[in-house]
file run-v3.tsv (TSV, C-alpha atoms and all ligand atoms)
chain	number	residue	atom	x	y	z
A	1	MET	CA	-12.45	14.23	-3.86
A	2	LYS	CA	-10.33	11.20	-4.58
A	3	ILE	CA	-12.45	8.05	-4.32
A	4	PHE	CA	-11.26	4.46	-3.93
A	5	SER	CA	-13.20	1.24	-3.50
A	6	GLY	CA	-12.94	-2.46	-4.25
A	7	ILE	CA	-14.84	-5.71	-4.51
A	8	GLN	CA	-13.74	-9.30	-4.09
A	9	PRO	CA	-14.01	-11.64	-7.07
A	10	SER	CA	-15.92	-14.22	-5.07
A	11	GLY	CA	-18.33	-15.50	-7.69
A	12	VAL	CA	-21.57	-13.60	-7.29
A	13	VAL	CA	-22.56	-10.01	-6.86
A	14	HIS	CA	-25.87	-9.47	-5.07
A	15	LEU	CA	-28.31	-6.65	-4.41
A	16	GLY	CA	-26.42	-5.73	-1.22
A	17	ASN	CA	-23.17	-5.14	-3.12
A	18	TYR	CA	-25.03	-3.21	-5.79
A	19	LEU	CA	-27.20	-0.97	-3.59
A	20	GLY	CA	-24.65	-0.57	-0.80
A	21	ALA	CA	-21.64	0.14	-2.99
A	22	MET	CA	-21.47	-0.34	-6.75
A	23	LYS	CA	-24.42	1.80	-7.77
A	24	ASN	CA	-22.90	4.58	-5.68
A	25	TRP	CA	-19.56	4.15	-7.47
A	26	ALA	CA	-21.23	5.03	-10.75
A	27	ASN	CA	-23.02	8.00	-9.14
A	28	LEU	CA	-19.83	9.37	-7.59
A	29	GLN	CA	-17.98	9.05	-10.86
A	30	ASN	CA	-20.68	11.19	-12.51
A	31	SER	CA	-20.21	14.14	-10.16
A	32	PRO	CA	-19.68	17.52	-11.87
A	33	ALA	CA	-16.58	17.46	-14.05
A	34	GLY	CA	-13.33	17.15	-12.18
A	35	GLU	CA	-14.88	17.07	-8.71
A	36	ASN	CA	-14.22	13.39	-8.03
A	37	GLU	CA	-11.45	11.19	-9.27
A	38	ALA	CA	-12.55	7.58	-8.90
A	39	ILE	CA	-10.50	4.39	-8.73
A	40	PHE	CA	-12.12	0.94	-8.50
A	41	CYS	CA	-10.37	-2.33	-7.90
A	42	VAL	CA	-11.01	-6.07	-8.16
A	43	VAL	CA	-9.28	-7.29	-4.99
A	44	ASP	CA	-8.01	-10.75	-5.87
A	45	TYR	CA	-5.46	-10.82	-3.04
A	46	HIS	CA	-8.31	-10.39	-0.56
A	47	ALA	CA	-10.36	-13.16	-2.15
A	48	ILE	CA	-7.67	-15.80	-1.55
A	49	THR	CA	-7.70	-15.38	2.24
A	50	VAL	CA	-10.26	-18.22	2.47
A	51	ASP	CA	-10.36	-21.46	0.46
A	52	TYR	CA	-11.39	-20.83	-3.15
A	53	PRO	CA	-11.64	-22.81	-6.41
A	54	LYS	CA	-8.39	-21.87	-8.17
A	55	ASP	CA	-9.56	-23.06	-11.59
A	56	GLU	CA	-12.53	-20.71	-11.44
A	57	MET	CA	-10.56	-17.72	-10.22
A	58	PRO	CA	-9.51	-16.24	-13.59
A	59	GLN	CA	-13.14	-16.12	-14.75
A	60	ARG	CA	-14.31	-14.81	-11.36
A	61	ILE	CA	-11.85	-11.94	-11.67
A	62	ILE	CA	-13.11	-11.08	-15.15
A	63	ASN	CA	-16.74	-11.39	-14.05
A	64	ALA	CA	-16.20	-9.04	-11.11
A	65	ALA	CA	-14.94	-6.40	-13.55
A	66	LYS	CA	-17.98	-7.02	-15.78
A	67	ASP	CA	-20.24	-6.48	-12.75
A	68	ILE	CA	-18.53	-3.19	-11.98
A	69	LEU	CA	-18.88	-2.02	-15.60
A	70	ALA	CA	-22.52	-3.17	-15.77
A	71	SER	CA	-23.25	-1.11	-12.62
A	72	GLY	CA	-22.41	1.96	-14.67
A	73	VAL	CA	-18.71	2.51	-13.95
A	74	ASP	CA	-17.25	3.98	-17.13
A	75	PRO	CA	-13.56	3.29	-17.77
A	76	ASN	CA	-13.32	6.62	-19.59
A	77	LYS	CA	-14.27	8.45	-16.41
A	78	SER	CA	-12.92	6.14	-13.67
A	79	THR	CA	-9.93	3.85	-13.42
A	80	LEU	CA	-10.58	0.12	-13.01
A	81	PHE	CA	-7.76	-2.28	-12.27
A	82	LEU	CA	-6.76	-5.61	-10.72
A	83	GLN	CA	-5.14	-5.38	-7.28
A	84	SER	CA	-2.37	-7.94	-7.90
A	85	ASP	CA	-1.25	-6.03	-11.02
A	86	ILE	CA	0.21	-3.39	-8.69
A	87	PRO	CA	2.50	-5.16	-6.19
A	88	GLU	CA	3.10	-1.88	-4.34
A	89	HIS	CA	-0.20	-2.53	-2.51
A	90	THR	CA	1.22	-5.57	-0.76
A	91	GLU	CA	4.51	-3.83	-0.11
A	92	LEU	CA	2.75	-0.90	1.57
A	93	ALA	CA	0.66	-3.41	3.54
A	94	TRP	CA	3.90	-4.85	4.95
A	95	LEU	CA	5.10	-1.43	6.00
A	96	LEU	CA	1.74	-0.67	7.63
A	97	ASN	CA	1.86	-4.02	9.44
A	98	THR	CA	4.76	-2.63	11.42
A	99	ILE	CA	2.51	0.06	12.95
A	100	THR	CA	-0.60	-2.11	13.42
A	101	THR	CA	-1.29	-3.89	16.70
A	102	MET	CA	-2.63	-7.40	17.22
A	103	GLY	CA	-5.26	-5.87	19.50
A	104	GLU	CA	-6.78	-3.68	16.82
A	105	LEU	CA	-6.91	-6.50	14.27
A	106	SER	CA	-8.46	-8.82	16.87
A	107	ARG	CA	-11.33	-6.35	17.30
A	108	MET	CA	-12.39	-6.53	13.64
A	109	THR	CA	-15.88	-8.04	13.62
A	110	GLN	CA	-15.52	-9.33	10.07
A	111	TYR	CA	-12.53	-11.43	11.16
A	112	LYS	CA	-14.61	-12.86	14.00
A	113	ASP	CA	-17.51	-13.59	11.63
A	114	LYS	CA	-15.32	-15.15	8.97
A	115	THR	CA	-13.37	-17.36	11.36
A	116	ALA	CA	-16.65	-18.79	12.60
A	117	LYS	CA	-16.75	-20.48	9.16
A	118	HIS	CA	-13.11	-20.48	8.01
A	119	GLU	CA	-9.68	-21.38	9.34
A	120	GLU	CA	-7.84	-18.68	11.34
A	121	ARG	CA	-5.20	-17.74	8.78
A	122	ALA	CA	-2.62	-14.97	8.96
A	123	GLY	CA	-3.82	-13.58	5.62
A	124	LEU	CA	-7.40	-13.36	6.85
A	125	PHE	CA	-6.28	-11.68	10.07
A	126	ASP	CA	-4.17	-9.19	8.15
A	127	TYR	CA	-6.81	-8.53	5.49
A	128	PRO	CA	-7.78	-5.06	6.86
A	129	VAL	CA	-4.18	-3.86	6.60
A	130	LEU	CA	-4.07	-4.72	2.90
A	131	MET	CA	-7.36	-2.86	2.55
A	132	ALA	CA	-5.81	0.16	4.29
A	133	ALA	CA	-2.86	-0.04	1.89
A	134	ASP	CA	-5.27	-0.14	-1.11
A	135	ILE	CA	-6.83	3.11	0.06
A	136	MET	CA	-3.68	4.87	1.27
A	137	ILE	CA	-1.46	4.13	-1.71
A	138	TYR	CA	-3.63	6.51	-3.81
A	139	LYS	CA	-4.13	8.93	-0.89
A	140	ALA	CA	-7.88	8.46	-1.28
A	141	GLU	CA	-10.24	10.63	0.75
A	142	GLY	CA	-13.60	8.94	0.14
A	143	VAL	CA	-14.35	5.21	0.32
A	144	PRO	CA	-17.84	4.20	-0.91
A	145	VAL	CA	-18.67	0.94	0.89
A	146	GLY	CA	-21.48	-0.85	2.68
A	147	GLU	CA	-21.76	-0.74	6.45
A	148	ASP	CA	-19.87	-4.01	6.97
A	149	GLN	CA	-16.66	-2.34	5.72
A	150	VAL	CA	-16.88	0.79	7.87
A	151	GLN	CA	-14.83	-0.70	10.70
A	152	HIS	CA	-12.01	-1.38	8.22
A	153	VAL	CA	-12.13	2.21	6.97
A	154	GLU	CA	-11.98	3.39	10.61
A	155	LEU	CA	-8.86	1.26	11.09
A	156	THR	CA	-7.42	2.89	7.96
A	157	ARG	CA	-8.06	6.31	9.52
A	158	ASP	CA	-6.23	5.20	12.67
A	159	LEU	CA	-3.26	3.97	10.63
A	160	VAL	CA	-3.20	7.24	8.68
A	161	ARG	CA	-3.10	9.27	11.90
A	162	ARG	CA	-0.44	7.02	13.40
A	163	PHE	CA	1.74	7.09	10.31
A	164	ASN	CA	1.45	10.86	9.97
A	165	SER	CA	2.37	11.45	13.60
A	166	LYS	CA	5.30	9.00	13.64
A	167	PHE	CA	6.82	9.82	10.27
A	168	GLY	CA	5.38	13.16	9.16
A	169	ASP	CA	2.28	14.31	7.34
A	170	THR	CA	1.77	11.99	4.35
A	171	PHE	CA	-1.80	10.70	4.04
A	172	PRO	CA	-5.29	12.28	4.18
A	173	GLU	CA	-7.87	10.66	6.52
A	174	PRO	CA	-10.32	8.75	4.33
A	175	LYS	CA	-14.06	8.88	5.05
A	176	PRO	CA	-16.51	6.02	4.45
A	177	LEU	CA	-19.26	7.06	1.99
A	178	LEU	CA	-22.51	5.22	2.70
A	179	THR	CA	-25.81	4.93	0.83
A	180	GLU	CA	-29.36	4.68	2.21
A	181	ALA	CA	-29.07	0.93	1.58
A	182	LYS	CA	-25.87	0.55	3.58
A	183	ARG	CA	-26.98	-2.78	5.03
A	184	VAL	CA	-29.31	-4.79	2.81
A	185	MET	CA	-30.69	-7.70	4.82
A	186	SER	CA	-30.91	-11.35	3.85
A	187	LEU	CA	-34.22	-12.57	2.36
A	188	SER	CA	-34.30	-15.04	5.25
A	189	GLY	CA	-34.95	-12.06	7.51
A	190	SER	CA	-31.87	-12.46	9.69
A	191	GLY	CA	-28.47	-10.86	9.15
A	192	LYS	CA	-27.11	-9.01	6.15
A	193	MET	CA	-27.42	-10.27	2.59
A	194	SER	CA	-24.24	-12.26	2.04
A	195	LYS	CA	-22.80	-14.31	-0.78
A	196	SER	CA	-21.53	-16.91	1.66
A	197	ASP	CA	-25.15	-17.82	2.62
A	198	SER	CA	-27.55	-20.03	0.65
A	199	PRO	CA	-28.49	-18.59	-2.81
A	200	SER	CA	-32.16	-18.53	-1.77
A	201	THR	CA	-31.32	-15.75	0.73
A	202	TYR	CA	-29.92	-13.27	-1.80
A	203	ILE	CA	-30.80	-11.89	-5.23
A	204	ALA	CA	-27.76	-12.20	-7.47
A	205	MET	CA	-27.41	-9.42	-10.04
A	206	THR	CA	-27.39	-12.11	-12.72
A	207	ASP	CA	-30.53	-13.95	-11.53
A	208	GLU	CA	-33.13	-14.63	-14.25
A	209	PRO	CA	-36.62	-13.08	-13.82
A	210	ASP	CA	-38.20	-16.38	-12.80
A	211	VAL	CA	-35.54	-17.01	-10.18
A	212	ILE	CA	-36.14	-13.52	-8.76
A	213	ARG	CA	-39.93	-14.10	-8.63
A	214	LYS	CA	-39.39	-17.38	-6.82
A	215	LYS	CA	-36.90	-16.01	-4.30
A	216	ILE	CA	-39.08	-12.99	-3.49
A	217	SER	CA	-42.20	-15.11	-3.15
A	218	SER	CA	-40.48	-17.20	-0.49
A	219	ALA	CA	-38.77	-14.26	1.26
A	220	VAL	CA	-39.61	-14.11	4.97
A	221	THR	CA	-42.18	-11.52	6.19
A	222	ASP	CA	-44.34	-11.22	9.29
A	223	ASP	CA	-48.01	-12.26	9.17
A	224	GLY	CA	-49.13	-8.72	8.34
A	225	GLN	CA	-51.39	-8.59	11.42
A	226	SER	CA	-49.11	-8.18	14.42
A	227	ASP	CA	-48.56	-4.75	16.00
A	228	ASP	CA	-44.80	-5.07	15.66
A	229	ILE	CA	-43.61	-4.87	12.07
A	230	SER	CA	-40.80	-7.38	11.58
A	231	GLN	CA	-37.35	-6.35	10.40
A	232	SER	CA	-37.73	-8.74	7.45
A	233	THR	CA	-40.85	-6.90	6.27
A	234	ILE	CA	-39.24	-3.47	6.73
A	235	ASN	CA	-36.27	-4.69	4.70
A	236	LEU	CA	-38.46	-5.81	1.79
A	237	ILE	CA	-40.43	-2.57	1.79
A	238	ASN	CA	-37.17	-0.60	1.85
A	239	LEU	CA	-35.94	-2.66	-1.09
A	240	TYR	CA	-39.10	-1.77	-2.94
A	241	GLY	CA	-38.36	1.90	-2.22
A	242	GLU	CA	-34.92	1.53	-3.81
A	243	PHE	CA	-36.43	0.31	-7.06
A	244	ALA	CA	-39.90	1.82	-7.27
A	245	GLY	CA	-39.35	5.09	-5.39
A	246	GLN	CA	-39.95	6.05	-1.77
A	247	GLY	CA	-43.54	7.20	-2.41
A	248	GLU	CA	-44.55	3.76	-3.66
A	249	ALA	CA	-42.84	2.06	-0.73
A	250	ASP	CA	-44.59	4.42	1.73
A	251	LYS	CA	-47.98	3.24	0.41
A	252	PHE	CA	-47.16	-0.36	1.30
A	253	MET	CA	-45.78	0.72	4.68
A	254	GLU	CA	-49.05	2.52	5.41
A	255	GLN	CA	-50.97	-0.63	4.45
A	256	ARG	CA	-48.77	-2.69	6.74
A	257	LYS	CA	-49.36	-0.29	9.62
A	258	ALA	CA	-53.11	-0.49	8.95
A	259	LYS	CA	-52.75	-4.32	8.79
A	260	THR	CA	-54.35	-4.36	5.33
A	261	ILE	CA	-51.23	-5.30	3.35
A	262	LYS	CA	-51.57	-8.27	1.03
A	263	TYR	CA	-48.19	-9.89	0.58
A	264	SER	CA	-49.64	-11.71	-2.44
A	265	GLU	CA	-49.79	-8.27	-4.11
A	266	PHE	CA	-46.73	-6.66	-2.57
A	267	LYS	CA	-44.27	-9.45	-3.35
A	268	PRO	CA	-44.98	-9.65	-7.11
A	269	ALA	CA	-44.74	-5.83	-7.29
A	270	LEU	CA	-41.35	-6.00	-5.58
A	271	ALA	CA	-40.13	-8.81	-7.84
A	272	GLU	CA	-41.12	-6.90	-11.01
A	273	ALA	CA	-39.45	-3.71	-9.75
A	274	ILE	CA	-36.20	-5.63	-9.17
A	275	ILE	CA	-36.44	-7.37	-12.55
A	276	ASN	CA	-36.88	-3.98	-14.26
A	277	GLU	CA	-33.75	-2.56	-12.67
A	278	LEU	CA	-31.67	-5.66	-13.34
A	279	GLU	CA	-32.57	-5.92	-17.00
A	280	PRO	CA	-30.33	-3.05	-18.19
A	281	PHE	CA	-27.58	-4.24	-15.82
A	282	GLN	CA	-27.72	-7.74	-17.29
A	283	LYS	CA	-27.77	-6.40	-20.85
A	284	ARG	CA	-24.73	-4.21	-20.25
A	285	ARG	CA	-22.92	-7.08	-18.56
A	286	ALA	CA	-23.56	-9.44	-21.48
A	287	GLY	CA	-22.14	-6.81	-23.85
A	288	VAL	CA	-18.69	-6.75	-22.22
A	289	THR	CA	-16.13	-9.26	-23.52
A	290	ASP	CA	-13.30	-10.91	-21.58
A	291	GLU	CA	-10.84	-9.22	-23.93
A	292	GLU	CA	-12.26	-5.79	-23.16
A	293	VAL	CA	-11.84	-6.42	-19.44
A	294	LYS	CA	-8.22	-7.47	-19.91
A	295	LYS	CA	-7.49	-4.29	-21.86
A	296	ILE	CA	-9.22	-2.13	-19.21
A	297	PHE	CA	-7.12	-3.81	-16.50
A	298	THR	CA	-3.90	-3.29	-18.45
A	299	ASP	CA	-4.65	0.39	-19.07
A	300	GLY	CA	-5.80	0.92	-15.48
A	301	ALA	CA	-2.65	-0.57	-13.99
A	302	ALA	CA	-0.42	1.38	-16.39
A	303	LYS	CA	-2.07	4.62	-15.28
A	304	LEU	CA	-1.94	3.87	-11.55
A	305	ARG	CA	1.42	2.17	-11.17
A	306	PRO	CA	3.46	5.42	-11.23
A	307	ILE	CA	1.21	6.90	-8.51
A	308	ALA	CA	1.59	3.79	-6.33
A	309	GLN	CA	5.36	3.77	-6.86
A	310	GLU	CA	5.59	7.44	-5.95
A	311	THR	CA	3.67	6.95	-2.67
A	312	LEU	CA	5.73	3.91	-1.76
A	313	LYS	CA	8.96	5.80	-2.37
A	314	GLU	CA	7.73	8.67	-0.17
A	315	VAL	CA	6.75	6.21	2.59
A	316	LYS	CA	10.11	4.40	2.48
A	317	GLU	CA	11.95	7.70	2.58
A	318	LYS	CA	9.94	8.86	5.61
A	319	MET	CA	10.52	5.53	7.35
A	320	GLY	CA	14.29	5.83	6.85
A	321	LEU	CA	14.58	3.02	4.32
A	322	ILE	CA	16.17	4.84	1.43
A	323	ILE	CA	19.96	5.03	1.59
A	401	LIG	P1	-16.95	-7.22	-0.59
A	401	LIG	O1	-16.41	-7.80	-1.85
A	401	LIG	O2	-17.35	-8.15	0.50
A	401	LIG	O3	-18.22	-6.33	-0.91
A	401	LIG	C1	-18.23	-5.30	-1.89
A	401	LIG	C2	-19.04	-4.12	-1.38
A	401	LIG	O4	-20.40	-4.51	-1.13
A	401	LIG	C3	-20.81	-4.05	0.17
A	401	LIG	N1	-21.82	-4.97	0.72
A	401	LIG	C4	-23.03	-4.59	1.17
A	401	LIG	N2	-23.64	-3.39	1.24
A	401	LIG	C5	-24.91	-3.35	1.75
A	401	LIG	N3	-25.59	-4.45	2.17
A	401	LIG	C6	-25.02	-5.68	2.12
A	401	LIG	N4	-25.70	-6.75	2.52
A	401	LIG	C7	-23.69	-5.79	1.61
A	401	LIG	N5	-22.83	-6.84	1.40
A	401	LIG	C8	-21.70	-6.31	0.87
A	401	LIG	C9	-19.52	-4.06	0.98
A	401	LIG	O5	-19.60	-3.24	2.11
A	401	LIG	C10	-18.52	-3.57	-0.04
A	401	LIG	O6	-18.51	-2.15	-0.09
A	401	LIG	N6	-12.91	-5.67	1.92
A	401	LIG	C11	-13.83	-5.30	0.84
A	401	LIG	C12	-13.12	-5.05	-0.48
A	401	LIG	C13	-11.98	-4.08	-0.42
A	401	LIG	C14	-12.09	-2.67	-0.32
A	401	LIG	C15	-10.75	-2.17	-0.33
A	401	LIG	C16	-13.18	-1.80	-0.23
A	401	LIG	C17	-10.66	-4.38	-0.45
A	401	LIG	N7	-9.91	-3.24	-0.42
A	401	LIG	C18	-10.49	-0.80	-0.23
A	401	LIG	C19	-12.90	-0.41	-0.14
A	401	LIG	C20	-11.57	0.06	-0.15
A	401	LIG	C21	-14.82	-6.44	0.65
A	401	LIG	O7	-14.54	-7.55	0.98
A	401	LIG	O8	-15.95	-6.12	-0.03

call {"tool": "encode", "arguments": {"input": "run-v3.tsv", "output": "structure tokens"}}
result
Amino acid sequence: MKIFSGIQPSGVVHLGNYLGAMKNWANLQNSPAGENEAIFCVVDYHAITVDYPKDEMPQRIINAAKDILASGVDPNKSTLFLQSDIPEHTELAWLLNTITTMGELSRMTQYKDKTAKHEERAGLFDYPVLMAADIMIYKAEGVPVGEDQVQHVELTRDLVRRFNSKFGDTFPEPKPLLTEAKRVMSLSGSGKMSKSDSPSTYIAMTDEPDVIRKKISSAVTDDGQSDDISQSTINLINLYGEFAGQGEADKFMEQRKAKTIKYSEFKPALAEAIINELEPFQKRRAGVTDEEVKKIFTDGAAKLRPIAQETLKEVKEKMGLII
């Protein structure tokens, strides 16, 4: 299967990004030889749809690639590139804009969420169409993402069907590929873990052990005694399962059900399990240089550009734009 996914260079990568998407990227890439062909992208053109610090952007872009590599993506097995290095993405997005309705973009919940905090800009509104173009330009069939991106993949499927029926069979319908941890919750206990919230509500993949211990010790739980187990507690126990194994997590869940759980024991166990998993990630990340990333980007774009150009030519031909 052809796999495509991307991440915004927006400064930090947290446990939600890692468990919901990036860890899965590395797994998918390691499928039996030749079964999957994986392409991963740092989506800088998406990251500029809200205000951003332009002086920090070059380093953010490089750091996003380092995060992808530290998650286990191997540039010898997968292709990693920078979105703006292949202008055909934005050109295809324009062509897809002509078959996308205002109604369908208005229904995107991420647009509604983002405009609660940010200005209503055309680029932000049109963001899902660029995402569809990212996926379609490589004719990808599988899109490993967290739950918050599923609606955008569904829109992509609609655009694929519409394009194929208007202009002739061209694109496969891509499927979202989700993990068990498709929606990691915030440590505050409400909503998903998000980099736009306060740093105390998420664990960044680059957090030091002491920071992790502190954040977990102040993570919200219930009182351990009520009949209803709170969502915040379930989320923390699930997180523990991700790092220490389901069996270990089940033990704490049983204790919670029996109202014997001691959060003063559970929380340090969770913090240490996270620290253990992040240590190799942080080591790998520190071992990647800026120069290596630039070379990987250059090679990635050189490999993909001909494919993107080929798809764009086919699309223009089908749309009656080649004379
Ligand atoms: P972005 O940069 O917001 O997030 C990167 C990935 O992390 C997942 N994710 C989560 N998963 C589980 N729990 C959470 N709390 C959580 N928070 C984030 C996201 O679902 C995502 O998979 N629009 C995309 C980037 C993009 C893209 C694409 C993805 C652009 N073009 C084409 C796939 C295909 C985004 O903003 O992801």

call {"tool": "residues_near_ligand", "arguments": {"input": "run-v3.tsv", "ligand": "ligand LIG 401 (chain A)", "cutoff": "6 Å", "atoms": "only C-alpha atoms and all ligand atoms", "output": "PyMOL selection string"}}
result
chain A and resi 4-8+16-17+20-21+43+131+134-135+143+145-149+181-185+192-194

call {"tool": "residues_around", "arguments": {"input": "run-v3.tsv", "residues": "A:Leu96", "least_positions_apart": "2", "cutoff": "8 Å", "atoms": "all atoms listed in the file", "output": "VMD selection string"}}
result
chain A and resid 92 to 94 98 to 100 129 133 159

call {"tool": "closest_residue", "arguments": {"input": "run-v3.tsv", "among": "A:Ile234, A:Leu239, A:Ala26, A:Ile274", "to": "A:Met253", "atoms": "all atoms listed in the file"}}
result
A:Ile234

call {"tool": "atom_distance", "arguments": {"input": "run-v3.tsv", "atom1": "atom CA of A:Met57", "atom2": "atom CA of A:Thr90"}}
result
19.4 Å

call {"tool": "atom_distance", "arguments": {"input": "run-v3.tsv", "atom1": "atom CA of A:Val293", "atom2": "atom CA of A:Gln29"}}
result
18.7 Å

call {"tool": "atom_distance", "arguments": {"input": "run-v3.tsv", "atom1": "atom CA of A:Glu180", "atom2": "atom CA of A:Lys23"}}
result
11.5 Å

call {"tool": "residues_around", "arguments": {"input": "run-v3.tsv", "residues": "stretch 214-223 of chain A", "least_positions_apart": "6", "cutoff": "8 Å", "atoms": "all atoms listed in the file", "output": "list of chain:residue names"}}
result
A:Leu187, A:Ser188, A:Gly189, A:Ser200, A:Thr201, A:Tyr202, A:Ile203, A:Ile229, A:Ser230, A:Ser232, A:Thr233, A:Lys267, A:Pro268, A:Leu270, A:Ala271

call {"tool": "closest_residue", "arguments": {"input": "run-v3.tsv", "among": "A:Cys41, A:Ala273, A:Met108, A:Ala47", "to": "A:Arg213", "atoms": "only C-alpha atoms"}}
result
A:Ala273

call {"tool": "decode", "arguments": {"input": "run-v3.tsv", "residues": "stretch 160-190 of chain A", "atoms": "C-alpha atoms", "output": "mmCIF file, in the first residue's frame"}}
result
data_model
loop_
_atom_site.group_PDB
_atom_site.id
_atom_site.type_symbol
_atom_site.label_atom_id
_atom_site.label_comp_id
_atom_site.auth_asym_id
_atom_site.auth_seq_id
_atom_site.Cartn_x
_atom_site.Cartn_y
_atom_site.Cartn_z
ATOM 1 C CA VAL A 160 -11.256 11.738 -5.219
ATOM 2 C CA ARG A 161 -14.709 10.369 -6.048
ATOM 3 C CA ARG A 162 -15.829 13.691 -7.511
ATOM 4 C CA PHE A 163 -12.712 14.119 -9.618
ATOM 5 C CA ASN A 164 -12.880 10.548 -10.911
ATOM 6 C CA SER A 165 -16.524 10.863 -11.885
ATOM 7 C CA LYS A 166 -16.159 14.287 -13.551
ATOM 8 C CA PHE A 167 -12.889 13.733 -15.363
ATOM 9 C CA GLY A 168 -12.265 9.979 -15.458
ATOM 10 C CA ASP A 169 -10.692 7.436 -13.145
ATOM 11 C CA THR A 170 -7.447 8.924 -11.815
ATOM 12 C CA PHE A 171 -7.070 8.583 -8.039
ATOM 13 C CA PRO A 172 -7.518 5.752 -5.505
ATOM 14 C CA GLU A 173 -9.694 6.455 -2.429
ATOM 15 C CA PRO A 174 -7.345 6.888 0.536
ATOM 16 C CA LYS A 175 -8.186 5.335 3.915
ATOM 17 C CA PRO A 176 -7.291 6.830 7.298
ATOM 18 C CA LEU A 177 -5.063 4.444 9.313
ATOM 19 C CA LEU A 178 -5.623 4.869 13.050
ATOM 20 C CA THR A 179 -3.828 3.528 16.126
ATOM 21 C CA GLU A 180 -5.255 2.482 19.503
ATOM 22 C CA ALA A 181 -4.139 5.900 20.756
ATOM 23 C CA LYS A 182 -5.977 7.820 18.055
ATOM 24 C CA ARG A 183 -7.020 10.555 20.468
ATOM 25 C CA VAL A 184 -4.621 11.129 23.352
ATOM 26 C CA MET A 185 -6.275 13.448 25.858
ATOM 27 C CA SER A 186 -4.842 16.526 27.533
ATOM 28 C CA LEU A 187 -3.307 16.080 31.011
ATOM 29 C CA SER A 188 -5.847 18.651 32.174
ATOM 30 C CA GLY A 189 -8.496 15.985 31.608
ATOM 31 C CA SER A 190 -10.516 17.894 29.023
#
